[in-house]
>>> print(open('coords_1.cif').read())   # mmCIF, C-alpha atoms and all ligand atoms
data_entry
loop_
_atom_site.label_atom_id
_atom_site.label_comp_id
_atom_site.auth_asym_id
_atom_site.auth_seq_id
_atom_site.Cartn_x
_atom_site.Cartn_y
_atom_site.Cartn_z
CA MET A 1 64.58 91.28 104.02
CA VAL A 2 62.95 90.67 107.37
CA ARG A 3 65.24 88.77 109.68
CA GLU A 4 62.93 86.79 111.83
CA ASN A 5 64.06 86.04 115.36
CA GLN A 6 64.72 82.32 115.64
CA VAL A 7 63.83 82.36 119.32
CA ILE A 8 60.58 83.27 121.00
CA ILE A 9 60.85 85.14 124.26
CA SER A 10 57.71 85.93 126.18
CA GLU A 11 58.50 87.14 129.66
CA ASP A 12 54.82 87.28 130.67
CA ASP A 13 54.02 83.59 130.35
CA GLY A 14 57.64 82.54 131.06
CA ARG A 15 58.06 80.93 127.65
CA TYR A 16 61.53 80.75 126.11
CA GLU A 17 61.69 78.76 122.93
CA CYS A 18 64.30 77.94 120.30
CA ARG A 19 62.25 77.38 117.17
CA PRO A 20 64.78 75.58 114.91
CA CYS A 21 65.65 73.13 117.74
CA ASN A 22 62.07 72.90 118.90
CA ARG A 23 63.24 73.25 122.50
CA THR A 24 61.70 75.23 125.32
CA PHE A 25 63.47 76.62 128.39
CA ASN A 26 61.93 77.85 131.59
CA SER A 27 64.25 80.83 132.03
CA PHE A 28 66.00 83.36 129.84
CA ASN A 29 69.31 82.10 131.21
CA GLY A 30 68.59 78.61 129.94
CA LEU A 31 67.81 79.89 126.45
CA ASN A 32 70.75 82.32 126.49
CA ASN A 33 73.08 79.49 127.46
CA HIS A 34 71.76 77.32 124.66
CA CYS A 35 72.17 80.08 122.02
CA GLN A 36 75.72 80.82 123.21
CA LYS A 37 76.99 77.28 123.36
CA ALA A 38 75.07 75.03 120.97
CA ARG A 39 77.02 73.73 118.00
CA VAL A 40 73.89 73.92 115.88
CA HIS A 41 73.97 77.72 116.44
CA SER A 42 77.66 78.04 115.48
CA TYR A 43 78.76 78.27 119.13
CA GLY A 44 77.12 81.62 119.67
CA ASP A 45 77.99 83.23 116.34
CA GLN A 46 74.32 83.46 115.40
CA TRP A 47 73.23 84.99 118.68
CA CYS A 48 73.03 88.66 119.65
CA GLU A 49 72.65 88.70 123.40
CA ARG A 50 72.19 92.48 123.55
CA CYS A 51 69.19 92.33 121.22
CA GLU A 52 68.08 88.86 122.39
CA TRP A 53 67.91 87.76 118.80
CA LEU A 54 68.97 84.50 117.18
CA PHE A 55 69.94 84.87 113.52
CA VAL A 56 69.81 82.19 110.82
CA SER A 57 73.56 82.40 110.21
CA PRO A 58 76.75 84.04 111.57
CA GLY A 59 76.77 86.28 108.45
CA ALA A 60 73.29 87.56 109.24
CA ARG A 61 74.38 88.30 112.82
CA ASP A 62 77.49 90.18 111.59
CA SER A 63 75.48 92.25 109.17
CA HIS A 64 73.11 93.09 112.04
CA THR A 65 75.94 94.29 114.32
CA SER A 66 77.44 96.45 111.56
CA ASN A 67 74.14 98.09 110.67
CA SER A 68 72.09 98.32 113.83
CA SER A 69 72.07 101.55 115.85
CA ARG A 70 72.20 99.37 118.98
CA HIS A 71 75.71 98.33 117.99
CA ASN A 72 78.52 100.86 117.60
CA LEU A 73 81.65 99.00 116.61
CA CYS A 74 85.12 100.45 116.99
CA PRO A 75 86.58 100.83 113.45
CA ALA A 76 90.15 100.09 114.57
CA SER A 77 91.26 96.75 113.16
CA ASN A 78 92.85 95.45 116.37
CA CYS A 79 89.96 96.45 118.62
CA ASN A 80 86.71 94.52 118.91
CA LEU A 81 84.77 96.81 121.21
CA ASP A 82 81.07 97.25 120.58
CA PHE A 83 79.11 99.99 122.36
CA SER A 84 75.37 100.13 122.87
CA GLU A 85 75.39 103.94 122.53
CA GLU A 86 77.12 106.12 119.94
CA GLU A 87 78.37 108.36 122.78
CA GLY A 88 80.20 105.40 124.30
CA LEU A 89 82.03 104.77 121.05
CA ASP A 90 82.90 108.48 120.70
CA GLU A 91 84.40 108.55 124.19
CA HIS A 92 86.39 105.41 123.52
CA MET A 93 87.69 106.72 120.18
CA ALA A 94 88.75 110.03 121.71
CA ALA A 95 90.48 108.31 124.63
CA ASP A 96 92.12 105.33 122.93
CA HIS A 97 92.44 106.06 119.22
CA HIS A 98 93.53 108.79 116.77
CA TRP A 99 90.11 110.27 116.29
CA CYS A 100 88.83 113.54 114.90
CA ILE A 101 85.71 114.25 116.90
CA ASP A 102 84.61 117.00 114.49
CA CYS A 103 84.18 114.74 111.49
CA LYS A 104 84.08 111.38 113.29
CA ARG A 105 87.01 110.05 111.32
CA TYR A 106 89.56 107.53 112.47
CA PHE A 107 93.28 107.84 111.63
CA ASN A 108 96.08 105.29 111.76
CA ASN A 109 98.49 107.41 113.78
CA GLU A 110 98.90 110.71 115.61
CA ASN A 111 100.78 112.24 112.68
CA GLU A 112 97.93 111.65 110.23
CA LEU A 113 95.49 113.09 112.75
CA THR A 114 97.61 116.22 113.29
CA GLN A 115 97.89 116.75 109.54
CA HIS A 116 94.14 116.32 109.12
CA LYS A 117 93.25 118.70 111.97
CA ARG A 118 94.67 121.60 109.99
CA VAL A 119 91.48 121.60 107.93
CA HIS A 120 89.67 122.69 111.09
CA LEU A 121 91.86 125.72 111.75
CA PRO A 122 90.00 129.02 111.51
CA ARG A 123 90.18 130.35 107.97
CA ASN A 124 90.89 134.02 108.34
CA ILE A 125 93.50 134.97 105.77
CA GLU A 126 91.75 136.45 102.78
CA CYS A 127 93.30 136.10 99.33
CA LEU A 128 94.87 139.32 98.03
CA GLY A 129 93.27 138.71 94.64
CA CYS A 130 89.83 137.27 95.37
CA ASP A 131 87.52 136.63 98.33
CA ARG A 132 88.65 133.10 99.18
CA GLN A 133 89.77 132.44 102.75
CA PHE A 134 92.83 130.49 103.87
CA SER A 135 94.07 129.33 107.26
CA GLU A 136 97.72 129.97 106.43
CA PHE A 137 99.53 132.71 104.52
CA ALA A 138 101.56 130.12 102.56
CA ALA A 139 98.34 128.38 101.44
CA MET A 140 97.07 131.66 100.03
CA ILE A 141 100.36 132.17 98.14
CA LEU A 142 100.14 128.60 96.83
CA HIS A 143 96.64 129.36 95.53
CA LEU A 144 98.03 132.39 93.64
CA GLU A 145 100.95 130.36 92.24
CA ALA A 146 98.61 127.64 91.01
CA GLY A 147 96.77 130.14 88.84
CA THR A 148 93.42 129.20 90.42
CA CYS A 149 92.72 132.71 91.67
CA ALA A 150 90.07 134.86 89.99
CA SER A 151 92.76 137.59 89.69
CA GLN A 152 94.56 135.29 87.19
CA THR A 153 97.83 135.71 89.04
CA ASP A 154 100.29 132.86 88.52
CA VAL A 155 103.74 131.74 89.59
CA ASP A 156 105.51 133.80 86.87
CA ASP A 157 103.77 136.97 88.05
CA LEU A 158 104.83 136.38 91.64
CA ASP A 159 108.45 135.67 90.68
CA ARG A 160 108.57 138.79 88.51
CA TRP A 161 106.93 141.02 91.12
CA MET A 162 109.20 139.80 93.88
CA ALA A 163 112.31 140.15 91.69
CA ASN A 164 111.39 143.70 90.67
CA SER A 165 110.53 144.84 94.18
CA ARG A 166 113.00 146.35 96.58
CA LEU A 167 112.89 143.21 98.72
CA HIS A 168 116.38 142.10 97.74
CA GLN A 169 116.90 140.22 100.98
CA TYR A 170 114.35 137.55 99.95
CA VAL A 171 115.48 136.93 96.38
CA ASP A 172 118.55 135.21 94.92
CA TYR A 173 119.08 136.71 91.45
CA ALA A 174 121.73 134.13 90.51
CA TYR A 175 118.94 131.84 89.29
CA ASP A 176 116.44 132.14 86.47
CA PRO A 177 113.68 131.98 87.49
CA VAL A 178 114.82 133.49 90.76
CA LYS A 179 115.03 131.47 93.92
CA TYR A 180 113.86 132.70 97.27
CA CYS A 181 116.25 132.80 100.16
CA CYS A 182 115.66 133.07 103.86
CA PRO A 183 117.63 136.05 105.27
CA HIS A 184 117.91 134.30 108.62
CA CYS A 185 119.17 130.82 107.73
CA ASP A 186 120.21 131.33 104.08
CA ARG A 187 118.15 128.39 102.78
CA ARG A 188 116.96 128.55 99.15
CA PHE A 189 113.44 127.86 97.89
CA ASP A 190 112.07 127.40 94.36
CA TYR A 191 108.69 128.86 95.25
CA LEU A 192 107.50 131.83 97.25
CA SER A 193 104.90 129.58 98.93
CA ALA A 194 107.64 127.19 100.11
CA PHE A 195 109.62 130.11 101.51
CA CYS A 196 106.50 131.42 103.33
CA GLN A 197 105.79 127.95 104.69
CA HIS A 198 109.38 127.81 105.99
CA VAL A 199 109.09 131.19 107.68
CA ALA A 200 105.81 130.14 109.34
CA THR A 201 107.44 127.17 111.06
CA THR A 202 109.27 127.44 114.34
CA THR A 203 112.42 125.79 112.91
CA CYS A 204 113.62 129.17 111.63
CA GLU A 205 113.52 132.44 113.55
CA GLN A 206 112.87 134.64 110.54
CA ASN A 207 109.93 136.83 111.66
CA PRO A 208 106.75 135.73 109.82
CA GLY A 209 104.86 138.95 110.59
CA THR A 210 107.44 141.22 108.93
CA THR A 211 108.15 138.85 106.05
CA PHE A 212 104.48 138.33 105.15
CA TRP A 213 103.84 142.04 105.42
CA HIS A 214 106.65 142.68 102.89
CA VAL A 215 105.34 140.01 100.51
CA GLU A 216 101.76 141.19 100.86
CA ARG A 217 102.71 144.81 100.12
CA THR A 218 104.54 143.77 96.95
CA ILE A 219 101.62 141.67 95.69
CA ARG A 220 99.05 144.40 96.47
CA ARG A 221 101.09 147.03 94.62
CA ASN A 222 101.23 144.84 91.48
CA LEU A 223 97.67 143.55 91.55
CA ARG A 224 96.22 147.03 91.22
ZN ZN A 301 68.48 76.06 119.25
ZN ZN A 302 72.13 93.13 118.37
ZN ZN A 303 88.80 100.68 119.80
ZN ZN A 304 88.23 116.35 111.26
ZN ZN A 305 92.52 134.32 95.15
ZN ZN A 306 115.11 130.39 107.53
#
>>> encode(input="coords_1.cif", output="structure tokens", more="lines below")
Ligand SMILES: [Zn+2]
Ligand SMILES: [Zn+2]
Ligand SMILES: [Zn+2]
Ligand SMILES: [Zn+2]
Ligand SMILES: [Zn+2]
Ligand SMILES: [Zn+2]
Amino acid sequence: MVRENQVIISEDDGRYECRPCNRTFNSFNGLNNHCQKARVHSYGDQWCERCEWLFVSPGARDSHTSNSSRHNLCPASNCNLDFSEEEGLDEHMAADHHWCIDCKRYFNNENELTQHKRVHLPRNIECLGCDRQFSEFAAMILHLEAGTCASQTDVDDLDRWMANSRLHQYVDYAYDPVKYCCPHCDRRFDYLSAFCQHVATTTCEQNPGTTFWHVERTIRRNLR
């Protein structure tokens, strides 16, 4: 649908005309003022000053500002800023909102943004059973537990392998299936992935390098 401009602006012959009102003005200011204030034009809700365009209805104007590349609206609900350039919006989002610049996505709070940003971490931990890459050791273990690995490893395999290894410090045999325990803080975990996730955090001082090396060695020995 072609949205015809309801005003005619010709700078060269100094003609500024509102067609529906059949009124002419001798300056752009006069016409601008009319489009911004006249009741017949919904008190400015039909007028886009940036594009110098008068729309047939406020709805048509709104659809123009949401779709035109000359308008870049801030997606935050409590913010009505509208930028003429996409770069302007990007700068505003980065400075004033929870914004992931990599995928141009807006988040409600800093926590959601931090969680999301993990997808952008370098993926450099290769699965012990296939060639998939993971950004965290615990994520790789979770992939093995879930049975989604091409090696067909699953959670029962991991529990059995860990229980039969000489890594007694990580396993609590009082449970069936075994639970994992952190040698440093004595916490118990139902899954090896949860234990690895715990070790990776800074809340516990159990050394992730040594622990993951032990776990990796056990899995490698059994996968062969
Ligand atoms: Zn008019
Ligand atoms: Zn516009
Ligand atoms: Zn904003
Ligand atoms: Zn992102
Ligand atoms: Zn795998
Ligand atoms: Zn611990």
>>> closest_atom_pairs(input="coords_1.cif", of="range 46-127 of chain A", to="range 140-158 of chain A", cutoff="12 Å", atoms="all atoms listed in the file", output="JSON lines")
{"residue": "A:Arg123", "atom": "CA", "partner": "A:Met140", "partner_atom": "CA", "distance": 10.6}
{"residue": "A:Asn124", "atom": "CA", "partner": "A:Met140", "partner_atom": "CA", "distance": 10.6}
{"residue": "A:Ile125", "atom": "CA", "partner": "A:Met140", "partner_atom": "CA", "distance": 7.5}
{"residue": "A:Glu126", "atom": "CA", "partner": "A:Met140", "partner_atom": "CA", "distance": 7.7}
{"residue": "A:Cys127", "atom": "CA", "partner": "A:Met140", "partner_atom": "CA", "distance": 5.9}
>>> residues_around(input="coords_1.cif", residues="His198 in chain A", least_positions_apart="2", cutoff="12 Å", atoms="all atoms listed in the file", output="PyMOL selection string")
chain A and resi 136-139+180-196+200-208+211-212
>>> residues_near_point(input="coords_1.cif", point="(80.4, 104.8, 119.4)", cutoff="8 Å", atoms="only C-alpha atoms", output="MDAnalysis selection string")
chainID A and resid 72:74 82:93
>>> residues_around(input="coords_1.cif", residues="His214 in chain A", least_positions_apart="6", cutoff="12 Å", atoms="all atoms listed in the file", output="list of chain:residue names")
A:Trp161, A:Met162, A:Ser165, A:Arg166, A:Leu167, A:His168, A:Gln169, A:Tyr170, A:Cys196, A:Asn207, A:Pro208, A:Arg220, A:Arg221
>>> residues_around(input="coords_1.cif", residues="His97 in chain A", least_positions_apart="2", cutoff="10 Å", atoms="all atoms listed in the file", output="PDB file with C-alpha atoms, in the coordinates of the input")
ATOM      1  CA  CYS A  74      85.120 100.450 116.990  1.00  0.00           C
ATOM      2  CA  PRO A  75      86.580 100.830 113.450  1.00  0.00           C
ATOM      3  CA  ALA A  76      90.150 100.090 114.570  1.00  0.00           C
ATOM      4  CA  CYS A  79      89.960  96.450 118.620  1.00  0.00           C
ATOM      5  CA  ASP A  90      82.900 108.480 120.700  1.00  0.00           C
ATOM      6  CA  GLU A  91      84.400 108.550 124.190  1.00  0.00           C
ATOM      7  CA  HIS A  92      86.390 105.410 123.520  1.00  0.00           C
ATOM      8  CA  MET A  93      87.690 106.720 120.180  1.00  0.00           C
ATOM      9  CA  ALA A  94      88.750 110.030 121.710  1.00  0.00           C
ATOM     10  CA  ALA A  95      90.480 108.310 124.630  1.00  0.00           C
ATOM     11  CA  TRP A  99      90.110 110.270 116.290  1.00  0.00           C
ATOM     12  CA  CYS A 100      88.830 113.540 114.900  1.00  0.00           C
ATOM     13  CA  TYR A 106      89.560 107.530 112.470  1.00  0.00           C
ATOM     14  CA  PHE A 107      93.280 107.840 111.630  1.00  0.00           C
ATOM     15  CA  ASN A 108      96.080 105.290 111.760  1.00  0.00           C
ATOM     16  CA  ASN A 109      98.490 107.410 113.780  1.00  0.00           C
ATOM     17  CA  GLU A 110      98.900 110.710 115.610  1.00  0.00           C
TER      18      GLU A 110
END
>>> residues_near_ligand(input="coords_1.cif", ligand="ligand ZN 302 (chain A)", cutoff="10 Å", atoms="only C-alpha atoms and all ligand atoms", output="list in words")
Trp47, Cys48, Glu49, Arg50, Cys51, Glu52, Trp53, Leu54, Phe55, Arg61, Asp62, Ser63, His64, Thr65, Ser66, Asn67, Ser68, Ser69, Arg70, His71 and Ser84 of chain A
>>> closest_residue(input="coords_1.cif", among="A:Asp159, A:Asn164, A:Gln115, A:Glu216", to="ligand ZN 304 (chain A)", atoms="all atoms listed in the file")
A:Gln115
>>> atom_distance(input="coords_1.cif", atom1="CA of Arg132 in chain A", atom2="atom ZN of ligand ZN 305 (chain A)")
5.7 Å
>>> atom_distance(input="coords_1.cif", atom1="CA of Val7 in chain A", atom2="CA of Asn26 in chain A")
13.2 Å
>>> closest_residue(input="coords_1.cif", among="A:Leu81, A:Cys103, A:Leu128, A:Val40", to="ligand ZN 304 (chain A)", atoms="all atoms listed in the file")
A:Cys103
>>> atom_distance(input="coords_1.cif", atom1="CA of Asp172 in chain A", atom2="CA of Gln197 in chain A")
17.6 Å
>>> residues_near_ligand(input="coords_1.cif", ligand="ligand ZN 304 (chain A)", cutoff="8 Å", atoms="only C-alpha atoms and all ligand atoms", output="mmCIF file with C-alpha atoms, in the frame of the given file")
data_model
loop_
_atom_site.group_PDB
_atom_site.id
_atom_site.type_symbol
_atom_site.label_atom_id
_atom_site.label_comp_id
_atom_site.auth_asym_id
_atom_site.auth_seq_id
_atom_site.Cartn_x
_atom_site.Cartn_y
_atom_site.Cartn_z
ATOM 1 C CA CYS A 100 88.830 113.540 114.900
ATOM 2 C CA ILE A 101 85.710 114.250 116.900
ATOM 3 C CA ASP A 102 84.610 117.000 114.490
ATOM 4 C CA CYS A 103 84.180 114.740 111.490
ATOM 5 C CA LYS A 104 84.080 111.380 113.290
ATOM 6 C CA ARG A 105 87.010 110.050 111.320
ATOM 7 C CA HIS A 116 94.140 116.320 109.120
ATOM 8 C CA LYS A 117 93.250 118.700 111.970
ATOM 9 C CA VAL A 119 91.480 121.600 107.930
ATOM 10 C CA HIS A 120 89.670 122.690 111.090
#
>>> closest_residue(input="coords_1.cif", among="A:Thr218, A:Thr210, A:Thr114, A:Ser42", to="ligand ZN 301 (chain A)", atoms="all atoms listed in the file")
A:Ser42
>>> closest_residue(input="coords_1.cif", among="A:Glu112, A:Asp13, A:Asp176, A:Asp96", to="ligand ZN 303 (chain A)", atoms="only C-alpha atoms and all ligand atoms")
A:Asp96
>>> residues_near_point(input="coords_1.cif", point="(71.1, 76.8, 124.3)", cutoff="12 Å", atoms="all atoms listed in the file", output="count of residues only")
33
>>> closest_residue(input="coords_1.cif", among="A:Asn78, A:Gly129, A:Asp45, A:Val56", to="Arg224 in chain A", atoms="all atoms listed in the file")
A:Gly129
>>> closest_residue(input="coords_1.cif", among="A:Val199, A:Ala163, A:Cys130, A:Ile8", to="ligand ZN 306 (chain A)", atoms="all atoms listed in the file")
A:Val199
